[in-house]
Structures are given as C-alpha cells and as structure tokens.
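entry_8.cif (mmCIF, C-alpha atoms)
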```cif
data_structure
#
loop_
_atom_site.label_atom_id
_atom_site.label_comp_id
_atom_site.auth_asym_id
_atom_site.auth_seq_id
_atom_site.Cartn_x
_atom_site.Cartn_y
_atom_site.Cartn_z
CA MET A 451 0.00 0.00 0.00
CA THR A 452 1.60 3.21 -1.21
CA GLU A 453 -1.16 5.74 -0.50
CA THR A 454 -0.71 7.77 2.68
CA SER A 455 -3.73 10.14 2.73
CA ASN A 456 -7.37 9.28 3.19
CA ARG A 457 -9.97 11.82 2.03
CA GLN A 458 -13.26 11.75 3.93
CA LEU A 459 -16.70 13.35 3.69
CA ARG A 460 -18.18 14.48 7.03
CA LEU A 461 -21.52 15.94 8.07
CA ALA A 462 -20.97 19.62 8.81
CA ALA A 463 -24.57 20.67 9.57
CA ARG A 464 -27.97 19.02 9.56
CA PRO A 465 -29.99 19.80 6.43
CA THR A 466 -33.41 21.38 6.30
CA GLY A 467 -35.11 20.20 3.16
CA GLU A 468 -32.73 19.37 0.32
CA VAL A 469 -29.14 18.56 1.24
CA THR A 470 -26.74 21.26 0.00
CA ASP A 471 -22.98 21.52 -0.29
CA GLU A 472 -22.96 23.53 2.95
CA ASN A 473 -24.05 20.41 4.86
CA TRP A 474 -20.76 18.65 4.07
CA GLN A 475 -17.11 19.07 4.97
CA PHE A 476 -14.14 17.33 3.35
CA THR A 477 -11.22 16.31 5.54
CA THR A 478 -8.00 14.40 5.03
CA GLU A 479 -6.36 12.00 7.46
CA ASP A 480 -3.55 9.46 7.28
CA VAL A 481 -4.50 6.08 5.86
CA PRO A 482 -5.16 3.86 8.91
CA GLU A 483 -2.81 1.04 9.79
CA PRO A 484 -4.39 -2.33 10.61
CA GLY A 485 -3.95 -3.71 14.11
CA ASP A 486 -4.06 -7.40 14.98
CA GLY A 487 -7.26 -8.90 13.60
CA GLN A 488 -7.88 -5.92 11.33
CA PHE A 489 -7.53 -5.03 7.65
CA VAL A 490 -7.61 -1.89 5.51
CA VAL A 491 -9.94 -1.55 2.51
CA ALA A 492 -9.34 0.75 -0.44
CA ILE A 493 -12.90 1.81 -1.25
CA SER A 494 -13.67 1.94 -4.96
CA HIS A 495 -17.48 2.11 -5.00
CA LEU A 496 -20.00 3.88 -2.77
CA SER A 497 -23.72 3.09 -2.70
CA LEU A 498 -26.08 6.09 -2.92
CA ASP A 499 -29.46 5.31 -1.35
CA PRO A 500 -32.54 7.39 -0.45
CA ALA A 501 -32.43 6.06 3.12
CA MET A 502 -29.23 8.03 3.66
CA ARG A 503 -31.29 11.22 3.79
CA GLY A 504 -33.04 9.99 6.92
CA TRP A 505 -29.72 9.25 8.60
CA LEU A 506 -28.94 13.00 8.55
CA ASP A 507 -31.93 14.00 10.69
CA ASP A 508 -31.59 14.12 14.47
CA ARG A 509 -34.60 11.98 15.32
CA PRO A 510 -35.22 8.44 16.56
CA SER A 511 -34.98 5.78 13.86
CA TYR A 512 -33.69 2.27 13.23
CA LEU A 513 -30.11 3.62 13.25
CA PRO A 514 -28.67 6.54 15.21
CA PRO A 515 -28.28 9.69 13.13
CA VAL A 516 -24.91 10.53 11.64
CA GLY A 517 -23.28 12.85 14.14
CA ILE A 518 -22.05 16.33 13.29
CA GLY A 519 -18.40 15.96 12.32
CA GLU A 520 -18.70 12.22 11.67
CA VAL A 521 -17.80 10.50 8.38
CA MET A 522 -20.99 10.05 6.37
CA ARG A 523 -22.40 6.55 6.77
CA ALA A 524 -22.41 4.70 3.45
CA LEU A 525 -22.28 1.19 2.08
CA GLY A 526 -19.25 0.58 -0.07
CA ALA A 527 -17.15 -1.96 -1.91
CA GLY A 528 -13.43 -2.28 -2.39
CA LYS A 529 -10.30 -4.37 -2.02
CA VAL A 530 -8.23 -5.27 1.02
CA VAL A 531 -4.84 -3.56 0.65
CA ALA A 532 -3.28 -4.32 4.06
CA SER A 533 -4.25 -7.07 6.47
CA LYS A 534 -3.54 -8.66 9.82
CA HIS A 535 -6.74 -10.71 9.65
CA PRO A 536 -6.52 -14.38 8.54
CA ASP A 537 -9.95 -14.37 6.89
CA PHE A 538 -9.39 -11.20 4.84
CA PRO A 539 -6.01 -11.42 3.10
CA GLU A 540 -4.74 -8.70 0.79
CA GLY A 541 -6.53 -8.75 -2.55
CA THR A 542 -9.90 -9.84 -1.11
CA HIS A 543 -12.89 -7.92 -2.48
CA VAL A 544 -15.44 -6.93 0.15
CA THR A 545 -18.60 -4.94 0.79
CA GLY A 546 -19.69 -3.28 4.01
CA THR A 547 -20.61 -0.03 5.73
CA PHE A 548 -17.26 1.69 5.26
CA GLY A 549 -18.44 5.30 5.13
CA ALA A 550 -17.85 8.02 2.55
CA GLN A 551 -14.06 7.91 2.46
CA GLU A 552 -11.26 6.45 0.40
CA PHE A 553 -9.92 3.96 2.96
CA ALA A 554 -11.44 2.20 5.97
CA VAL A 555 -10.13 -0.13 8.67
CA SER A 556 -12.26 -3.07 9.81
CA ASP A 557 -12.18 -6.11 12.08
CA GLY A 558 -14.45 -8.03 9.70
CA ARG A 559 -17.73 -7.69 11.56
CA GLY A 560 -20.55 -6.93 9.13
CA ILE A 561 -18.23 -7.32 6.14
CA THR A 562 -19.00 -9.62 3.20
CA ARG A 563 -16.41 -11.20 0.94
CA VAL A 564 -17.57 -11.08 -2.68
CA ASP A 565 -16.61 -12.81 -5.90
CA THR A 566 -15.86 -10.33 -8.68
CA GLY A 567 -15.75 -13.25 -11.10
CA LEU A 568 -19.46 -13.73 -10.48
CA ALA A 569 -20.36 -10.06 -10.97
CA PRO A 570 -18.62 -6.66 -10.84
CA LEU A 571 -18.40 -4.80 -7.54
CA SER A 572 -21.20 -2.42 -8.50
CA THR A 573 -23.58 -5.38 -8.86
CA HIS A 574 -22.59 -6.59 -5.39
CA LEU A 575 -23.99 -3.23 -4.17
CA SER A 576 -27.07 -3.72 -6.33
CA ALA A 577 -28.87 -6.98 -7.14
CA LEU A 578 -26.46 -9.09 -5.08
CA GLY A 579 -26.27 -6.60 -2.22
CA MET A 580 -28.65 -4.79 0.12
CA THR A 581 -30.67 -3.48 -2.83
CA GLY A 582 -31.45 -6.96 -4.10
CA MET A 583 -32.09 -8.29 -0.62
CA THR A 584 -34.52 -5.43 0.06
CA ALA A 585 -36.46 -6.26 -3.10
CA TYR A 586 -36.39 -10.01 -2.44
CA PHE A 587 -37.57 -10.04 1.16
CA GLY A 588 -39.89 -7.07 0.77
CA LEU A 589 -41.74 -8.78 -2.07
CA PHE A 590 -41.66 -12.42 -1.00
CA ASP A 591 -41.67 -12.26 2.81
CA VAL A 592 -43.47 -9.02 3.62
CA GLY A 593 -45.54 -8.86 0.44
CA ALA A 594 -46.13 -12.64 0.34
CA MET A 595 -46.51 -12.38 -3.43
CA GLN A 596 -48.07 -15.40 -5.17
CA GLU A 597 -48.17 -16.55 -8.78
CA GLY A 598 -50.87 -14.85 -10.84
CA GLU A 599 -51.19 -11.79 -8.58
CA THR A 600 -51.12 -8.18 -9.70
CA VAL A 601 -48.11 -6.32 -8.34
CA VAL A 602 -47.67 -2.54 -8.52
CA VAL A 603 -44.28 -0.97 -7.79
CA SER A 604 -43.58 2.73 -7.28
CA GLY A 605 -40.13 4.13 -7.93
CA ALA A 606 -40.01 1.28 -10.42
CA ALA A 607 -37.01 2.54 -12.38
CA GLY A 608 -34.94 2.96 -9.24
CA ALA A 609 -32.58 0.53 -7.59
CA VAL A 610 -35.05 -1.50 -5.52
CA GLY A 611 -38.14 -0.99 -7.66
CA SER A 612 -36.57 -2.28 -10.86
CA ILE A 613 -35.53 -5.48 -9.07
CA VAL A 614 -38.94 -5.92 -7.39
CA GLY A 615 -40.76 -5.85 -10.71
CA GLN A 616 -38.43 -8.39 -12.28
CA LEU A 617 -38.73 -10.74 -9.31
CA ALA A 618 -42.51 -10.53 -9.53
CA LYS A 619 -42.37 -11.47 -13.22
CA ILE A 620 -40.03 -14.38 -12.48
CA LYS A 621 -42.61 -15.68 -9.99
CA GLY A 622 -45.49 -15.37 -12.45
CA GLY A 623 -47.04 -12.05 -11.48
CA ARG A 624 -48.60 -9.30 -13.56
CA VAL A 625 -46.48 -6.20 -12.94
CA ILE A 626 -47.27 -2.50 -13.22
CA GLY A 627 -44.41 -0.06 -12.62
CA ILE A 628 -44.75 3.63 -11.79
CA ALA A 629 -41.80 5.80 -12.86
CA GLY A 630 -40.99 9.31 -14.03
CA GLY A 631 -40.58 10.00 -17.75
CA PRO A 632 -41.13 8.12 -21.02
CA GLU A 633 -37.55 6.81 -21.22
CA LYS A 634 -37.76 5.11 -17.84
CA CYS A 635 -41.18 3.71 -18.61
CA ALA A 636 -39.95 2.30 -21.92
CA TRP A 637 -37.02 0.67 -20.13
CA LEU A 638 -39.41 -1.04 -17.71
CA THR A 639 -41.60 -2.56 -20.42
CA ASP A 640 -39.15 -3.06 -23.29
CA GLU A 641 -36.12 -4.36 -21.38
CA LEU A 642 -37.30 -5.53 -17.96
CA GLY A 643 -40.56 -7.11 -19.06
CA PHE A 644 -43.05 -5.12 -16.95
CA ASP A 645 -46.58 -5.52 -18.28
CA VAL A 646 -47.47 -1.83 -17.89
CA ALA A 647 -45.52 1.31 -17.01
CA ILE A 648 -47.24 4.45 -15.72
CA ASP A 649 -45.52 7.82 -16.10
CA TYR A 650 -46.40 9.81 -13.00
CA ARG A 651 -45.12 12.93 -14.76
CA GLY A 652 -47.45 12.37 -17.71
CA GLU A 653 -50.75 14.05 -18.46
CA GLN A 654 -52.85 11.21 -17.05
CA LYS A 655 -53.24 11.09 -13.28
CA VAL A 656 -51.77 8.05 -11.58
CA SER A 657 -55.12 7.23 -9.97
CA ARG A 658 -56.83 6.98 -13.35
CA ALA A 659 -53.94 5.08 -14.90
CA LEU A 660 -54.11 2.53 -12.08
CA ARG A 661 -57.86 2.09 -12.60
CA GLU A 662 -57.18 1.25 -16.24
CA ALA A 663 -54.13 -0.95 -15.58
CA CYS A 664 -55.62 -2.78 -12.58
CA PRO A 665 -59.36 -3.15 -13.26
CA ASP A 666 -59.59 -6.00 -10.74
CA GLY A 667 -57.43 -4.26 -8.13
CA ILE A 668 -53.94 -4.62 -6.66
CA ASP A 669 -52.74 -7.66 -4.71
CA VAL A 670 -49.30 -6.31 -3.75
CA TYR A 671 -48.29 -2.66 -3.79
CA PHE A 672 -44.56 -2.22 -3.14
CA ASP A 673 -44.12 1.37 -2.02
CA ASN A 674 -40.90 3.32 -2.42
CA VAL A 675 -42.27 6.86 -2.65
CA GLY A 676 -45.27 7.51 -0.36
CA GLY A 677 -47.37 10.64 -0.83
CA GLU A 678 -50.01 10.90 -3.57
CA ILE A 679 -48.92 7.71 -5.31
CA LEU A 680 -49.40 5.66 -2.16
CA ASP A 681 -52.87 7.20 -1.84
CA ALA A 682 -53.71 6.24 -5.42
CA ALA A 683 -52.66 2.64 -4.78
CA LEU A 684 -54.68 2.46 -1.55
CA ALA A 685 -57.79 3.25 -3.59
CA ARG A 686 -57.28 0.14 -5.79
CA LEU A 687 -56.69 -2.63 -3.24
CA ARG A 688 -58.08 -6.11 -3.67
CA ARG A 689 -59.25 -8.08 -0.66
CA HIS A 690 -56.32 -9.19 1.51
CA ALA A 691 -53.86 -7.00 -0.40
CA ARG A 692 -50.40 -6.47 1.07
CA ILE A 693 -48.42 -3.23 1.02
CA PRO A 694 -44.73 -3.49 1.91
CA ILE A 695 -43.52 -0.01 2.87
CA CYS A 696 -39.89 0.18 1.76
CA GLY A 697 -39.48 3.95 1.62
CA GLY A 698 -41.08 7.32 0.98
CA ILE A 699 -38.68 9.34 -1.11
CA SER A 700 -41.34 11.93 -1.95
CA GLN A 701 -41.34 12.92 1.73
CA TYR A 702 -37.65 12.84 2.63
CA ASN A 703 -36.90 16.47 1.81
CA VAL A 704 -40.23 17.83 3.05
CA GLU A 705 -39.81 20.52 5.68
CA GLY A 706 -42.01 19.85 8.67
CA ARG A 707 -44.22 16.81 9.09
CA PRO A 708 -44.44 14.33 6.20
CA VAL A 709 -47.81 13.88 4.50
CA GLY A 710 -49.54 10.65 5.48
CA PRO A 711 -52.00 8.62 3.38
CA SER A 712 -55.58 9.92 3.35
CA ASN A 713 -56.98 6.69 1.84
CA TYR A 714 -55.76 4.46 4.65
CA LEU A 715 -59.31 3.49 5.67
CA ASN A 716 -59.47 1.37 2.51
CA LEU A 717 -57.25 -1.05 4.40
CA ILE A 718 -60.29 -1.91 6.49
CA ALA A 719 -62.67 -2.52 3.60
CA ALA A 720 -60.07 -4.61 1.76
CA ARG A 721 -58.94 -6.46 4.91
CA ALA A 722 -55.50 -5.42 3.69
CA ARG A 723 -52.15 -5.14 5.44
CA MET A 724 -49.60 -2.30 5.22
CA GLU A 725 -46.25 -3.11 6.83
CA GLY A 726 -42.94 -1.36 7.08
CA PHE A 727 -39.78 -3.46 7.04
CA LEU A 728 -35.99 -3.30 7.30
CA VAL A 729 -33.84 -5.60 5.25
CA PHE A 730 -31.39 -6.11 8.15
CA ASP A 731 -34.01 -8.25 9.89
CA TYR A 732 -33.52 -10.92 7.22
CA ALA A 733 -29.72 -11.11 7.40
CA ALA A 734 -29.72 -14.80 8.36
CA LYS A 735 -31.44 -15.58 5.05
CA PHE A 736 -29.14 -13.48 2.84
CA PRO A 737 -26.83 -16.30 1.62
CA ALA A 738 -29.68 -18.41 0.21
CA ALA A 739 -31.31 -15.36 -1.41
CA VAL A 740 -28.02 -14.19 -2.97
CA LYS A 741 -27.49 -17.67 -4.43
CA GLU A 742 -30.94 -17.65 -6.00
CA MET A 743 -30.53 -14.10 -7.30
CA ALA A 744 -27.12 -14.96 -8.77
CA GLY A 745 -28.71 -17.84 -10.65
CA TRP A 746 -31.33 -15.56 -12.16
CA LEU A 747 -28.64 -13.08 -13.17
CA ALA A 748 -26.60 -15.85 -14.78
CA ASP A 749 -29.48 -17.16 -16.87
CA GLY A 750 -30.61 -13.70 -17.94
CA ARG A 751 -33.98 -13.64 -16.17
CA LEU A 752 -32.78 -10.83 -13.92
CA VAL A 753 -31.05 -7.65 -15.06
CA SER A 754 -29.04 -5.51 -12.66
CA ARG A 755 -28.57 -1.99 -13.97
CA GLU A 756 -26.16 0.27 -12.16
CA HIS A 757 -26.06 4.00 -12.85
CA VAL A 758 -22.36 4.51 -12.17
CA VAL A 759 -20.96 8.01 -11.75
CA GLU A 760 -17.18 8.24 -11.91
CA GLY A 761 -15.39 10.90 -9.91
CA ASP A 762 -13.40 11.56 -6.79
CA LEU A 763 -15.03 11.87 -3.39
CA SER A 764 -15.97 15.50 -4.09
CA ALA A 765 -18.59 14.18 -6.53
CA PHE A 766 -20.58 12.64 -3.65
CA PRO A 767 -22.84 15.64 -2.79
CA GLU A 768 -24.10 16.23 -6.32
CA THR A 769 -24.42 12.50 -7.02
CA PHE A 770 -26.47 12.11 -3.84
CA ARG A 771 -28.86 14.85 -5.00
CA MET A 772 -29.54 12.88 -8.19
CA LEU A 773 -31.65 10.48 -6.12
CA PHE A 774 -34.19 13.17 -5.25
CA ARG A 775 -34.38 14.59 -8.76
CA GLY A 776 -35.12 11.26 -10.40
CA ALA A 777 -31.89 11.54 -12.38
CA ASN A 778 -30.79 7.92 -11.99
CA THR A 779 -32.06 4.76 -13.64
CA GLY A 780 -31.34 1.65 -11.61
CA LYS A 781 -28.86 1.55 -8.75
CA LEU A 782 -26.87 4.76 -8.21
CA VAL A 783 -23.19 4.13 -7.46
CA LEU A 784 -20.24 6.49 -7.16
CA GLN A 785 -17.06 4.89 -8.49
CA ILE A 786 -14.24 6.69 -6.73
CA THR A 787 -11.30 7.81 -8.77
CA LYS A 788 -8.23 8.98 -6.91
CA GLY A 789 -6.20 11.84 -8.30
#
```

Let's see the structure in the file written out as structure tokens.
Amino acid sequence: MTETSNRQLRLAARPTGEVTDENWQFTTEDVPEPGDGQFVVAISHLSLDPAMRGWLDDRPSYLPPVGIGEVMRALGAGKVVASKHPDFPEGTHVTGTFGAQEFAVSDGRGITRVDTGLAPLSTHLSALGMTGMTAYFGLFDVGAMQEGETVVVSGAAGAVGSIVGQLAKIKGGRVIGIAGGPEKCAWLTDELGFDVAIDYRGEQKVSRALREACPDGIDVYFDNVGGEILDAALARLRRHARIPICGGISQYNVEGRPVGPSNYLNLIAARARMEGFLVFDYAAKFPAAVKEMAGWLADGRLVSREHVVEGDLSAFPETFRMLFRGANTGKLVLQITKG
C-alpha cells in the first residue's frame, strides 16, 4: 500500500429540506494502519441510497443519526490492501458499511467477501447486495406475493423498484411499474418485461392510470415513494392485499411533518395489510437469497442496472442529490477515482 492520505466526507450541519454543499465538509487524514485482527480496505465504489437522507436528521430511527463531524455513513465496496486478519487477506474484495471515504479499517464484523468473477463490484452493491435483498424479502416475505397476482411498484425505475418488478415477473405475477418519464417507462416494459408502465409525470393522473391498468385491483403494492402515489394505490386494493412499505422518497426532503395517506381506511374494507420493514431483519437468510438471485442473473432472467458516476469523493454531494431529482435509472453508485 503506497497511499498515505485518506480523504473523507463528514456531516458539517444538519440539512433542512434538500441537502446542499454547505451540509458537508471534506477532511483528510492518514490512511489507517491495521492492528491485529484488522484489515484496511481501499474503497472503490459507494452506494447512494434514499435512506441516507433519513440518517442525517436528528430523530429516533432504526439507526442513530450521523453525528455532526462524523464521516458520512455509506455502504461501499473495495479491495483489502493491508491485512492482519486471517480471513481477509490482501486482494480480497469486500462490501460493508465503510463510510464516505477512500480507505477504511475493519475487524471483519458486518463485512461480506464477494466474488468479482461472479459479478462486478457495483452489482454486489445492487442486485447481489442490500438493494437486491430489500427487493427479495420485501416482495416475497413481507408482500407474500403469489403466482398470478397483480403487483404494482412505485419508484419502479430505481434501484429496488426495478428489481422488485423483475422478481414478480419471475414468480409469475402481472407487474405495473410507476416511474418518471417516457424513457424510464420504456425501459421497464421493453427491457425488464413489466406488463405496464405508468408515467407519474405524464398528463394522465396516476389514480386513473391505475384504474385502467388494474381493473380488478392490486394484490401487492410495493411502495418506495409515499405521498399521492401511495394514496392512489390504496384506492385500488383487492381483498387481503399487502403493502410493503420500503421507503417514501417523496417525503424525505419535506420541511415539517411528512404527509400521510388519506386513503388508509381502505385497508379496512379490503382487509389489507400495510407493513414497514428493514432488510437487516432478514440477514440470516441473505446467503440463500443471494445464491438464488445470482442464478437468475446468470441465466438472464434478472437484469441488474447500475447507474455509475465516476469521480473523486468531491462528486458525492451532487451525485447524492440525483436520487431526489429522479436523475438515476437503476442503482446509483459512485465509483471513486483517486487523483
């Protein structure tokens, strides 16, 4: 290992509304040295996820908020470049929560060794990583999707949504995706095999489009956005419908209280279930799910699309904002280049 400096991105101030450059601070430290039972990872890829916005707010959640002055929490992938750990020799490719920095030291807890011969590192942050696991367990465990059911996915051209729709097709479902813009909608139907794609930015209201696309109602609505689209889906539920709540990106930058669903009473009439979930709760099942997902990738039934932005760590703030502008298609990843 020849590098001596480690550039890091830290939280300088908590955002109100959209995250701006003023919320971040770049610092440089020495590259850490591994102690006994530790190793150092050179981080080459960082995962950009909507959930990261919630980690910046000082409020109770499933994880403590990122502290002021702390390195931004982020999933990443890279290669071990120095090691005093027998299970992680130099040259091993790994994924884990390394933070937004160029190098990280670890003792191996929570770290996954990955095979870059099976798929590139970006895919191990996408279909074969937390993104794929979120789609898999959200649809099959929380959503309890069955063959022949009608599945609607919001944020369908995003990282999780695009995987959810494909998994539903693999299992024999009829799939309707909701996305923003004609290009994304065409990608869903022409390349990923969705039965219908609804452009929420189009002239037709989502509620009317869902009535036309789902005349018999919705069995599973996989929600990534919340807000008006969640309300539209609640109005179309079939009896015993399931709604896995994965996220609510439409509400993440809202100042003040987020807007809740006004059509929630339809859950009563439909005897339906709406349930939030966290992928971490299914960690014990990850290996079997990754094996199955890898098989679908290998035989072409599953496509993992990564929207990879190349740049040094200074590209993180603007790349992060792409999530909330709908600028990415598929999984958003920052591939770090070092000057």

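Atom pair atom CA of Arg755 of chain A / atom CA of Arg460 of chain A: separated by 28.6 Å.
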
Hey, which bits of segment 470-513 of chain A sit within 12 Å of segment 602-620 of chain A, and for each residue what's the closest pair of atoms and how far apart in Å (one decimal), counting all atoms listed in the file, rows by chain and increasing number, as a Markdown table?
```
| residue | atom | partner | partner_atom | distance |
| --- | --- | --- | --- | --- |
| A:Ser497 | CA | A:Ala609 | CA | 10.4 |
| A:Leu498 | CA | A:Ala609 | CA | 9.7 |
| A:Asp499 | CA | A:Ala609 | CA | 8.5 |
| A:Pro500 | CA | A:Ala609 | CA | 9.9 |
| A:Ala501 | CA | A:Val610 | CA | 11.8 |
```

Requested in this report: Show which residues sit within 12 Å of Gly549 of chain A, as a PyMOL selection string. Count all atoms listed in the file, and ignore same-chain residues fewer than 3 positions away.
Outcome: chain A and resi 456-461+491-498+502+516+520-528+545-546+552-556+763+766

Within 12 Å of segment 574-587 of chain A, which residues of segment 535-563 of chain A come that close, and what is the closest atom pair and distance in Å for each? Count only C-alpha atoms and give it as a Markdown table.
```
| residue | atom | partner | partner_atom | distance |
| --- | --- | --- | --- | --- |
| A:His543 | CA | A:His574 | CA | 10.2 |
| A:Val544 | CA | A:His574 | CA | 9.1 |
| A:Thr545 | CA | A:Leu575 | CA | 7.5 |
| A:Gly546 | CA | A:Leu575 | CA | 9.2 |
| A:Thr547 | CA | A:Met580 | CA | 10.9 |
| A:Ile561 | CA | A:Gly579 | CA | 11.6 |
| A:Thr562 | CA | A:Gly579 | CA | 9.6 |
| A:Arg563 | CA | A:His574 | CA | 10.0 |
```

Write out, as an mmCIF file, in the frame of the given file, the residues just selected, with C-alpha atoms.
```
data_model
loop_
_atom_site.group_PDB
_atom_site.id
_atom_site.type_symbol
_atom_site.label_atom_id
_atom_site.label_comp_id
_atom_site.auth_asym_id
_atom_site.auth_seq_id
_atom_site.Cartn_x
_atom_site.Cartn_y
_atom_site.Cartn_z
ATOM 1 C CA HIS A 543 -12.890 -7.920 -2.480
ATOM 2 C CA VAL A 544 -15.440 -6.930 0.150
ATOM 3 C CA THR A 545 -18.600 -4.940 0.790
ATOM 4 C CA GLY A 546 -19.690 -3.280 4.010
ATOM 5 C CA THR A 547 -20.610 -0.030 5.730
ATOM 6 C CA ILE A 561 -18.230 -7.320 6.140
ATOM 7 C CA THR A 562 -19.000 -9.620 3.200
ATOM 8 C CA ARG A 563 -16.410 -11.200 0.940
#
```

Please write as a PDB file with C-alpha atoms, in the coordinates of the input the full residue list that the PyMOL selection byres ((chain A and resi 671-682) around 7) yields on this file.
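Okay, part.pdb is ready:
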```pdb
ATOM      1  CA  VAL A 601     -48.110  -6.320  -8.340  1.00  0.00           C
ATOM      2  CA  VAL A 602     -47.670  -2.540  -8.520  1.00  0.00           C
ATOM      3  CA  VAL A 603     -44.280  -0.970  -7.790  1.00  0.00           C
ATOM      4  CA  SER A 604     -43.580   2.730  -7.280  1.00  0.00           C
ATOM      5  CA  GLY A 605     -40.130   4.130  -7.930  1.00  0.00           C
ATOM      6  CA  VAL A 656     -51.770   8.050 -11.580  1.00  0.00           C
ATOM      7  CA  SER A 657     -55.120   7.230  -9.970  1.00  0.00           C
ATOM      8  CA  ILE A 668     -53.940  -4.620  -6.660  1.00  0.00           C
ATOM      9  CA  ASP A 669     -52.740  -7.660  -4.710  1.00  0.00           C
ATOM     10  CA  VAL A 670     -49.300  -6.310  -3.750  1.00  0.00           C
ATOM     11  CA  ALA A 683     -52.660   2.640  -4.780  1.00  0.00           C
ATOM     12  CA  LEU A 684     -54.680   2.460  -1.550  1.00  0.00           C
ATOM     13  CA  ALA A 685     -57.790   3.250  -3.590  1.00  0.00           C
ATOM     14  CA  ARG A 692     -50.400  -6.470   1.070  1.00  0.00           C
ATOM     15  CA  ILE A 693     -48.420  -3.230   1.020  1.00  0.00           C
ATOM     16  CA  PRO A 694     -44.730  -3.490   1.910  1.00  0.00           C
ATOM     17  CA  ILE A 695     -43.520  -0.010   2.870  1.00  0.00           C
ATOM     18  CA  CYS A 696     -39.890   0.180   1.760  1.00  0.00           C
ATOM     19  CA  GLY A 697     -39.480   3.950   1.620  1.00  0.00           C
ATOM     20  CA  GLY A 698     -41.080   7.320   0.980  1.00  0.00           C
ATOM     21  CA  ILE A 699     -38.680   9.340  -1.110  1.00  0.00           C
ATOM     22  CA  SER A 700     -41.340  11.930  -1.950  1.00  0.00           C
ATOM     23  CA  GLN A 701     -41.340  12.920   1.730  1.00  0.00           C
ATOM     24  CA  VAL A 709     -47.810  13.880   4.500  1.00  0.00           C
ATOM     25  CA  GLY A 710     -49.540  10.650   5.480  1.00  0.00           C
ATOM     26  CA  PRO A 711     -52.000   8.620   3.380  1.00  0.00           C
ATOM     27  CA  SER A 712     -55.580   9.920   3.350  1.00  0.00           C
ATOM     28  CA  ASN A 713     -56.980   6.690   1.840  1.00  0.00           C
TER      29      ASN A 713
END
```

Report task. Could you expand the PyMOL selection byres ((chain A and resi 507) around 12) into the explicit residues it covers here, written as a PyMOL selection string? Result -> chain A and resi 461+463-469+473+501-506+508-511+513-518+702-706

**Report entry** Result set of the PyMOL selection byres ((chain A and resi 596) around 10) on the coordinates above, as a list in words
**Finding:** Leu589, Phe590, Gly593, Ala594, Met595, Glu597, Gly598, Glu599, Thr600, Val601, Ala618, Lys621, Gly622, Gly623, Asp669 and Val670 of chain A

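With atom CA of Tyr714 of chain A on one side and atom CA of Val646 of chain A on the other, the separation reads 24.8 Å.
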